[in-house]
>>> print(open('run24.cif').read())   # mmCIF, C-alpha atoms and all ligand atoms
data_model
loop_
_atom_site.label_atom_id
_atom_site.label_comp_id
_atom_site.auth_asym_id
_atom_site.auth_seq_id
_atom_site.Cartn_x
_atom_site.Cartn_y
_atom_site.Cartn_z
CA MET A 25 21.23 -19.89 43.83
CA GLY A 26 24.70 -18.38 43.42
CA ARG A 27 25.50 -16.27 40.41
CA THR A 28 28.87 -16.42 38.76
CA PHE A 29 31.20 -13.71 37.69
CA ASP A 30 31.53 -15.46 34.38
CA GLY A 31 32.98 -14.84 30.94
CA GLN A 32 30.01 -12.86 29.77
CA THR A 33 30.10 -10.56 32.76
CA VAL A 34 33.82 -10.06 32.21
CA ASP A 35 33.11 -9.09 28.62
CA GLU A 36 30.47 -6.62 29.75
CA LEU A 37 32.80 -5.08 32.29
CA GLU A 38 35.50 -4.76 29.67
CA ALA A 39 33.13 -3.16 27.16
CA HIS A 40 32.00 -0.74 29.83
CA LEU A 41 35.56 0.28 30.65
CA LEU A 42 36.51 0.71 27.00
CA GLY A 43 33.42 2.87 26.54
CA ALA A 44 34.63 5.05 29.40
CA ASP A 45 37.92 5.74 27.56
CA VAL A 46 39.94 3.19 29.46
CA SER A 47 42.66 1.72 27.24
CA GLN A 48 42.58 -1.99 26.40
CA THR A 49 45.72 -2.71 28.43
CA THR A 50 44.40 -0.86 31.47
CA ALA A 51 40.96 -2.50 31.14
CA THR A 52 42.51 -5.96 31.00
CA ASP A 53 44.59 -5.18 34.05
CA ILE A 54 41.61 -3.83 35.98
CA ILE A 55 39.47 -6.86 35.21
CA ARG A 56 42.26 -9.13 36.32
CA ARG A 57 42.34 -7.26 39.61
CA VAL A 58 38.55 -7.52 39.98
CA GLN A 59 38.75 -11.25 39.38
CA ARG A 60 41.51 -11.55 41.93
CA LEU A 61 39.30 -9.76 44.45
CA THR A 62 36.58 -12.34 44.00
CA GLY A 63 39.10 -15.00 44.86
CA GLY A 64 37.27 -17.46 42.66
CA ARG A 65 34.10 -17.02 44.67
CA ASN A 66 30.78 -16.47 42.98
CA VAL A 67 29.59 -12.92 42.79
CA ALA A 68 26.00 -12.97 43.99
CA THR A 69 24.57 -9.89 42.31
CA ILE A 70 25.39 -7.33 39.72
CA ASP A 71 25.68 -4.77 42.51
CA ASP A 72 28.46 -6.87 43.96
CA ALA A 73 30.29 -6.85 40.63
CA ARG A 74 29.88 -3.10 40.45
CA GLN A 75 31.11 -2.71 43.99
CA LEU A 76 34.22 -4.78 43.23
CA LEU A 77 34.96 -2.73 40.13
CA ARG A 78 34.55 0.44 42.11
CA GLU A 79 36.97 -0.81 44.75
CA VAL A 80 39.60 -1.59 42.14
CA LEU A 81 39.19 1.74 40.35
CA THR A 82 39.46 3.60 43.65
CA GLU A 83 42.60 1.65 44.47
CA VAL A 84 44.18 2.60 41.13
CA LEU A 85 43.25 6.29 41.39
CA GLN A 86 43.77 6.87 45.11
CA PRO A 87 47.57 7.31 44.96
CA ARG A 88 47.09 10.18 42.48
CA ALA A 89 44.48 11.99 44.55
CA GLU A 90 46.77 14.61 46.03
CA PRO A 91 44.97 17.94 46.28
CA LEU A 92 46.83 21.11 45.43
CA VAL A 93 47.91 22.77 48.65
CA ILE A 94 49.41 26.25 48.55
CA PRO A 95 52.11 26.19 51.23
CA ALA A 96 53.03 29.18 53.41
CA SER A 97 56.20 29.58 51.36
CA PRO A 98 57.33 30.21 48.71
CA ARG A 99 55.12 33.18 47.92
CA PRO A 100 54.08 34.06 45.33
CA PHE A 101 53.34 30.44 44.53
CA VAL A 102 53.58 30.20 40.75
CA ILE A 103 51.20 27.90 38.88
CA LEU A 104 52.00 27.40 35.21
CA MET A 105 49.05 26.10 33.21
CA VAL A 106 49.86 24.12 30.07
CA GLY A 107 48.02 21.97 27.55
CA VAL A 108 46.97 21.84 23.93
CA ASN A 109 44.64 24.45 22.50
CA GLY A 110 41.05 24.28 23.61
CA SER A 111 41.73 21.97 26.55
CA GLY A 112 40.41 24.55 29.01
CA LYS A 113 43.54 26.25 30.40
CA THR A 114 42.22 29.79 30.46
CA THR A 115 38.84 28.73 31.82
CA THR A 116 40.47 26.62 34.52
CA ILE A 117 42.65 29.58 35.51
CA GLY A 118 39.47 31.63 35.89
CA LYS A 119 37.89 28.95 38.06
CA LEU A 120 41.05 28.46 40.12
CA ALA A 121 41.44 32.19 40.65
CA ARG A 122 37.96 32.27 42.10
CA ARG A 123 38.60 29.24 44.33
CA LEU A 124 41.92 30.56 45.65
CA LYS A 125 40.48 34.00 46.23
CA ASP A 126 37.60 32.46 48.16
CA ASP A 127 40.29 30.77 50.27
CA GLY A 128 41.52 34.22 51.20
CA LEU A 129 44.58 34.27 48.94
CA LYS A 130 45.75 37.25 46.93
CA VAL A 131 45.80 36.11 43.31
CA MET A 132 47.28 37.54 40.11
CA LEU A 133 46.98 36.30 36.53
CA ALA A 134 49.63 36.40 33.80
CA ALA A 135 48.50 36.49 30.16
CA GLY A 136 51.23 34.20 28.87
CA ASP A 137 49.23 33.19 25.81
CA THR A 138 50.33 36.00 23.55
CA PHE A 139 49.68 33.93 20.45
CA ARG A 140 46.12 35.21 20.08
CA ALA A 141 44.78 38.64 21.04
CA ALA A 142 41.49 36.99 22.00
CA ALA A 143 43.33 34.83 24.55
CA ILE A 144 44.53 37.91 26.40
CA GLU A 145 41.04 39.40 26.41
CA GLN A 146 39.55 36.13 27.59
CA LEU A 147 41.88 36.11 30.59
CA GLN A 148 41.12 39.75 31.29
CA VAL A 149 37.41 38.94 31.40
CA TRP A 150 38.11 36.28 34.02
CA GLY A 151 40.25 38.80 35.91
CA GLU A 152 37.42 41.32 35.99
CA ARG A 153 34.87 38.70 36.93
CA ASN A 154 36.99 37.59 39.89
CA GLU A 155 38.38 41.04 40.65
CA VAL A 156 41.97 39.89 40.37
CA PRO A 157 44.68 41.80 38.48
CA VAL A 158 45.89 40.54 35.11
CA ILE A 159 49.38 41.31 33.84
CA ALA A 160 49.36 41.38 30.04
CA GLN A 161 51.25 42.75 27.08
CA GLN A 162 50.22 43.04 23.48
CA ALA A 163 49.58 40.03 21.27
CA GLY A 164 52.80 38.66 19.84
CA ALA A 165 54.88 39.65 22.88
CA ASP A 166 57.38 37.16 24.29
CA PRO A 167 55.40 34.93 26.69
CA ALA A 168 58.48 34.44 28.86
CA ALA A 169 58.80 38.21 29.27
CA VAL A 170 55.12 38.52 30.18
CA VAL A 171 55.32 35.79 32.80
CA PHE A 172 58.62 37.16 34.17
CA ASP A 173 57.14 40.66 34.54
CA ALA A 174 54.02 39.22 36.14
CA PHE A 175 56.13 37.28 38.64
CA ALA A 176 58.03 40.43 39.56
CA ALA A 177 54.75 42.35 39.86
CA ALA A 178 53.17 39.62 41.98
CA ARG A 179 56.17 39.77 44.30
CA ALA A 180 56.11 43.53 44.51
CA ARG A 181 52.40 43.53 45.34
CA GLY A 182 52.66 40.76 47.89
CA CYS A 183 50.52 38.28 45.97
CA ASP A 184 50.13 34.75 47.26
CA VAL A 185 49.52 33.01 43.95
CA LEU A 186 50.39 33.78 40.34
CA LEU A 187 48.44 31.82 37.73
CA ALA A 188 50.19 31.90 34.36
CA ASP A 189 48.28 31.15 31.18
CA THR A 190 50.14 29.77 28.15
CA ALA A 191 49.38 29.17 24.49
CA GLY A 192 48.10 25.82 23.35
CA ARG A 193 48.95 26.15 19.71
CA LEU A 194 52.05 27.36 17.96
CA GLN A 195 53.46 26.60 14.54
CA ASN A 196 54.39 23.17 15.79
CA LYS A 197 54.68 21.11 18.97
CA ALA A 198 58.43 21.48 19.21
CA HIS A 199 58.09 25.24 19.10
CA LEU A 200 55.43 25.16 21.81
CA MET A 201 57.62 23.02 24.07
CA GLN A 202 60.60 25.34 23.50
CA GLU A 203 58.46 28.32 24.37
CA LEU A 204 57.29 26.65 27.60
CA GLN A 205 60.85 25.67 28.47
CA LYS A 206 61.87 29.29 28.04
CA VAL A 207 59.05 30.45 30.33
CA VAL A 208 60.30 28.03 32.98
CA ARG A 209 63.94 29.14 32.55
CA VAL A 210 63.06 32.78 32.86
CA LEU A 211 60.88 32.22 35.96
CA ARG A 212 63.82 30.42 37.58
CA ARG A 213 65.93 33.54 37.31
CA LEU A 214 63.66 35.04 39.95
CA ASP A 215 63.12 31.85 41.92
CA PRO A 216 65.03 28.64 41.16
CA THR A 217 62.13 26.60 42.57
CA ALA A 218 59.53 28.15 40.20
CA PRO A 219 57.13 27.21 38.77
CA HIS A 220 55.87 25.60 41.95
CA GLU A 221 53.12 23.78 40.10
CA THR A 222 53.13 22.89 36.42
CA MET A 223 49.62 21.78 35.70
CA ILE A 224 48.45 20.20 32.49
CA VAL A 225 44.84 20.69 31.51
CA LEU A 226 43.44 17.70 29.66
CA ASP A 227 40.14 17.60 27.80
CA ALA A 228 38.29 14.44 28.82
CA SER A 229 36.54 14.27 25.47
CA LEU A 230 39.84 13.60 23.72
CA GLY A 231 39.94 10.09 25.11
CA GLN A 232 43.20 8.21 24.71
CA ASN A 233 44.91 11.14 22.98
CA ALA A 234 45.21 12.73 26.40
CA VAL A 235 47.77 10.11 27.43
CA ALA A 236 50.16 10.98 24.61
CA GLN A 237 49.67 14.69 25.25
CA ALA A 238 50.41 14.39 28.93
CA LYS A 239 53.54 12.36 28.23
CA GLN A 240 54.86 14.91 25.74
CA PHE A 241 54.41 17.81 28.13
CA HIS A 242 55.83 15.79 31.01
CA GLU A 243 58.98 14.98 29.04
CA ALA A 244 59.43 18.58 27.93
CA ILE A 245 58.78 20.50 31.15
CA GLY A 246 57.94 18.05 33.95
CA LEU A 247 54.33 18.08 35.16
CA THR A 248 53.34 18.24 38.82
CA GLY A 249 49.56 18.28 38.45
CA ILE A 250 46.68 17.32 36.19
CA THR A 251 43.27 18.90 35.76
CA MET A 252 40.78 17.04 33.61
CA THR A 253 38.09 19.21 32.05
CA LYS A 254 34.77 18.73 30.31
CA LEU A 255 33.62 15.76 32.37
CA ASP A 256 30.17 17.32 32.11
CA ALA A 257 30.30 17.22 28.33
CA GLY A 258 30.37 13.53 27.58
CA GLY A 259 33.98 12.86 28.52
CA LYS A 260 34.20 9.90 30.86
CA GLY A 261 37.78 10.37 32.01
CA GLY A 262 38.75 6.70 32.07
CA VAL A 263 42.05 7.86 30.63
CA LEU A 264 43.01 8.92 34.15
CA LEU A 265 43.32 5.25 35.06
CA THR A 266 46.04 4.81 32.45
CA LEU A 267 47.72 8.06 33.49
CA ALA A 268 47.55 7.06 37.14
CA GLY A 269 49.60 3.98 36.37
CA GLU A 270 51.96 5.36 33.75
CA LEU A 271 52.63 8.99 34.64
CA LYS A 272 52.29 9.09 38.43
CA VAL A 273 51.44 12.81 38.40
CA PRO A 274 48.87 13.98 40.98
CA VAL A 275 45.38 14.67 39.70
CA ARG A 276 44.28 17.96 41.26
CA PHE A 277 40.93 19.04 39.85
CA ILE A 278 38.12 18.11 37.50
CA GLY A 279 36.25 20.59 35.34
CA ILE A 280 32.52 20.06 35.19
CA GLY A 281 31.24 23.08 33.29
CA GLU A 282 32.07 26.48 31.92
CA GLN A 283 31.21 28.59 34.97
CA ALA A 284 33.54 29.78 37.72
CA ALA A 285 32.19 27.31 40.27
CA ASP A 286 32.49 24.30 37.96
CA LEU A 287 35.78 23.00 39.33
CA ASP A 288 35.93 20.19 41.88
CA VAL A 289 38.85 18.76 43.80
CA PHE A 290 39.60 15.33 42.40
CA ASP A 291 38.25 12.58 44.64
CA ALA A 292 39.33 9.05 43.74
CA GLY A 293 36.32 7.35 45.34
CA GLU A 294 33.81 9.67 43.73
CA PHE A 295 35.50 9.42 40.37
CA ALA A 296 35.52 5.64 40.60
CA ALA A 297 31.85 5.69 41.55
CA ALA A 298 31.05 7.88 38.55
CA LEU A 299 32.98 5.60 36.24
CA THR A 300 31.22 2.59 37.71
CA GLY A 301 27.79 4.11 38.16
CA THR A 302 27.27 4.39 34.45
CA LEU A 303 27.66 0.65 34.24
CA PRO A 304 24.74 -0.79 32.30
CA LYS A 305 22.66 -3.42 34.00
CA LEU A 306 24.87 -6.42 33.57
CA PRO A 307 23.28 -9.78 33.05
CA THR A 308 23.93 -12.20 35.87
CA HIS A 309 23.99 -15.87 35.27
CA ARG A 310 22.61 -18.54 37.53
CA THR A 311 24.81 -21.54 38.09
N1 LIG B 401 31.58 21.90 29.28
C1 LIG B 401 32.79 22.34 29.66
N2 LIG B 401 33.44 23.23 28.90
C2 LIG B 401 34.65 23.65 29.31
C3 LIG B 401 35.26 23.18 30.50
N3 LIG B 401 36.46 23.79 30.62
C4 LIG B 401 36.58 24.60 29.55
N4 LIG B 401 35.49 24.53 28.75
C5 LIG B 401 35.23 25.22 27.48
O1 LIG B 401 36.19 24.79 26.53
C6 LIG B 401 36.48 25.86 25.62
C7 LIG B 401 37.99 26.08 25.57
O2 LIG B 401 38.40 26.53 26.84
P1 LIG B 401 39.63 27.50 27.02
O3 LIG B 401 39.77 27.75 28.48
O4 LIG B 401 39.55 28.67 26.14
O5 LIG B 401 40.80 26.55 26.52
P2 LIG B 401 42.35 26.86 26.37
O6 LIG B 401 43.08 25.64 26.75
O7 LIG B 401 42.68 28.10 27.11
O8 LIG B 401 42.47 27.08 24.79
P3 LIG B 401 43.60 27.91 23.99
O9 LIG B 401 43.68 29.26 24.62
O10 LIG B 401 43.08 27.94 22.58
O11 LIG B 401 44.87 27.16 24.09
C8 LIG B 401 35.71 27.06 26.13
O12 LIG B 401 34.52 27.18 25.39
C9 LIG B 401 35.39 26.72 27.58
O13 LIG B 401 34.23 27.34 28.06
C10 LIG B 401 34.54 22.21 31.29
O14 LIG B 401 34.99 21.71 32.32
N5 LIG B 401 33.31 21.83 30.81
MG MG B 402 43.55 29.83 26.52
#
>>> encode(input="run24.cif", output="structure tokens")
Amino acid sequence: MGRTFDGQTVDELEAHLLGADVSQTTATDIIRRVQRLTGGRNVATIDDARQLLREVLTEVLQPRAEPLVIPASPRPFVILMVGVNGSGKTTTIGKLARRLKDDGLKVMLAAGDTFRAAAIEQLQVWGERNEVPVIAQQAGADPAAVVFDAFAAARARGCDVLLADTAGRLQNKAHLMQELQKVVRVLRRLDPTAPHETMIVLDASLGQNAVAQAKQFHEAIGLTGITMTKLDAGGKGGVLLTLAGELKVPVRFIGIGEQAADLDVFDAGEFAAALTGTLPKLPTHRT
């Protein structure tokens, strides 16, 4: 009465992974690993197949599950948030400010997105909501100058963490990368080890585009962390499997809503379970 892990089941698994924004190459690799786990044995039930898939996904993601830890030094610990427009940078800063403050840390925000006046106001709203100071200048100011001043202010006021917002859209990508590189250069005048975390914010609903984005930012300024947002809004996040293998940058948080509390520490096992749990009832085939 055994049931096989046969060609049809493999196809279903593959379709499921592709539907969860896993790239074809990564999906093929994952299925190969699942098949290797079965060791040629029959898989008795669909739950077994699901369990095997979950194991493999956890194994792929686990090495990237390194939570963000704010060490005792250096202080202020500077976190530079980057990403394309609309990915959720400013919102994630608001959520992170709340989380870090709840941890007892003294937090300051830097309005480094000077491209839009509304961006500065948006950050100020988060500052008020969390009761943390926001260092800002007028729209159109040099973002590097804003972030530099904020770093100096954070130092002077004995802050533990400075969260720096940045623009997501400029005239073109090259200009954006140059602007970010300048922010980094200027920060390093005050502390050669800054920024201490360069976190990209990726919108899960962008699917495979997130891989190219992350690579571009990584090449330009060197990423040390990833936050994936909008996992509550239809994004499946399977793209993290590709990033886990290709970029090797720690995944810190996931965004699961628009409110301050909607930020979770990335957990490889839970994420794998979520990716697997949506698996449709696969047909099993009697031998
Ligand atoms: N559902 C959902 N919405 C989110 C999440 N994170 C951010 N958003 C929403 O996405 C939109 C864009 O977020 P922002 O934080 O303004 O994005 P940004 O990267 O700062 O965008 P720019 O400033 O234009 O570069 C807002 O409407 C947010 O409320 C999330 O995890 N889930
Ligand atoms: Mg923003």
>>> closest_atom_pairs(input="run24.cif", of="region 195-267 of chain A", to="region 79-96 of chain A", cutoff="12 Å", atoms="all atoms listed in the file", output="JSON lines")
{"residue": "A:His220", "atom": "CA", "partner": "A:Ile94", "partner_atom": "CA", "distance": 9.3}
{"residue": "A:Glu221", "atom": "CA", "partner": "A:Leu92", "partner_atom": "CA", "distance": 8.7}
{"residue": "A:Thr222", "atom": "CA", "partner": "A:Leu92", "partner_atom": "CA", "distance": 11.1}
{"residue": "A:Met223", "atom": "CA", "partner": "A:Leu92", "partner_atom": "CA", "distance": 10.1}
{"residue": "A:Thr248", "atom": "CA", "partner": "A:Leu92", "partner_atom": "CA", "distance": 9.7}
{"residue": "A:Gly249", "atom": "CA", "partner": "A:Leu92", "partner_atom": "CA", "distance": 8.0}
{"residue": "A:Ile250", "atom": "CA", "partner": "A:Arg88", "partner_atom": "CA", "distance": 9.5}
{"residue": "A:Thr251", "atom": "CA", "partner": "A:Leu92", "partner_atom": "CA", "distance": 10.5}
{"residue": "A:Gly261", "atom": "CA", "partner": "A:Leu85", "partner_atom": "CA", "distance": 11.6}
{"residue": "A:Gly262", "atom": "CA", "partner": "A:Leu81", "partner_atom": "CA", "distance": 9.7}
{"residue": "A:Val263", "atom": "CA", "partner": "A:Leu85", "partner_atom": "CA", "distance": 10.9}
{"residue": "A:Leu264", "atom": "CA", "partner": "A:Leu85", "partner_atom": "CA", "distance": 7.7}
{"residue": "A:Leu265", "atom": "CA", "partner": "A:Leu85", "partner_atom": "CA", "distance": 6.4}
{"residue": "A:Thr266", "atom": "CA", "partner": "A:Val84", "partner_atom": "CA", "distance": 9.1}
{"residue": "A:Leu267", "atom": "CA", "partner": "A:Leu85", "partner_atom": "CA", "distance": 9.2}
>>> closest_atom_pairs(input="run24.cif", of="chain A", to="ligand MG 402 (chain B)", cutoff="7 Å", atoms="only C-alpha atoms and all ligand atoms", output="JSON lines")
{"residue": "A:Asn109", "atom": "CA", "partner": "B:MG402", "partner_atom": "MG", "distance": 6.8}
{"residue": "A:Gly110", "atom": "CA", "partner": "B:MG402", "partner_atom": "MG", "distance": 6.7}
{"residue": "A:Gly112", "atom": "CA", "partner": "B:MG402", "partner_atom": "MG", "distance": 6.6}
{"residue": "A:Lys113", "atom": "CA", "partner": "B:MG402", "partner_atom": "MG", "distance": 5.3}
{"residue": "A:Thr114", "atom": "CA", "partner": "B:MG402", "partner_atom": "MG", "distance": 4.2}
{"residue": "A:Asp137", "atom": "CA", "partner": "B:MG402", "partner_atom": "MG", "distance": 6.6}
{"residue": "A:Ala143", "atom": "CA", "partner": "B:MG402", "partner_atom": "MG", "distance": 5.4}
{"residue": "A:Asp189", "atom": "CA", "partner": "B:MG402", "partner_atom": "MG", "distance": 6.8}
{"residue": "A:Thr190", "atom": "CA", "partner": "B:MG402", "partner_atom": "MG", "distance": 6.8}
{"residue": "A:Ala191", "atom": "CA", "partner": "B:MG402", "partner_atom": "MG", "distance": 6.2}
{"residue": "A:Gly192", "atom": "CA", "partner": "B:MG402", "partner_atom": "MG", "distance": 6.8}
>>> axis_aligned_box(input="run24.cif", around="region 243-262 of chain A", padding_each_side="8 Å", output="AutoDock Vina command-line options")
--center_x 44.8 --center_y 13.6 --center_z 33.2 --size_x 45.3 --size_y 29.8 --size_z 27.2
>>> residues_near_ligand(input="run24.cif", ligand="ligand LIG 401 (chain B)", cutoff="10 Å", atoms="all atoms listed in the file", output="number ranges by chain")
A: 105-119, 136-140, 142-144, 146-147, 189-194, 224-229, 251-259, 277-284, 286-288
>>> atom_distance(input="run24.cif", atom1="CA of Pro157 (chain A)", atom2="CA of Ile245 (chain A)")
26.6 Å
>>> closest_residue(input="run24.cif", among="A:Lys206, A:Lys272, A:Arg78, A:Lys197", to="Glu294 (chain A)", atoms="only C-alpha atoms")
A:Arg78
>>> closest_residue(input="run24.cif", among="A:Leu124, A:Ala44, A:Val102, A:Ala298", to="Pro219 (chain A)", atoms="only C-alpha atoms")
A:Val102
>>> residues_near_point(input="run24.cif", point="(50.3, 42.7, 48.8)", cutoff="12 Å", atoms="only C-alpha atoms", output="list in words")
Arg99, Pro100, Leu129, Lys130, Val131, Met132, Pro157, Ala177, Ala178, Arg179, Ala180, Arg181, Gly182, Cys183, Asp184 and Val185 of chain A
>>> closest_residue(input="run24.cif", among="A:Arg74, A:His242, A:His199, A:Arg209", to="Ala296 (chain A)", atoms="only C-alpha atoms")
A:Arg74
>>> atom_distance(input="run24.cif", atom1="CA of Gly128 (chain A)", atom2="CA of Arg153 (chain A)")
16.4 Å
>>> atom_distance(input="run24.cif", atom1="CA of Val158 (chain A)", atom2="CA of Val207 (chain A)")
17.3 Å
>>> closest_residue(input="run24.cif", among="A:Asn196, A:Thr62, A:Gln75, A:Gln237", to="Leu299 (chain A)", atoms="only C-alpha atoms")
A:Gln75
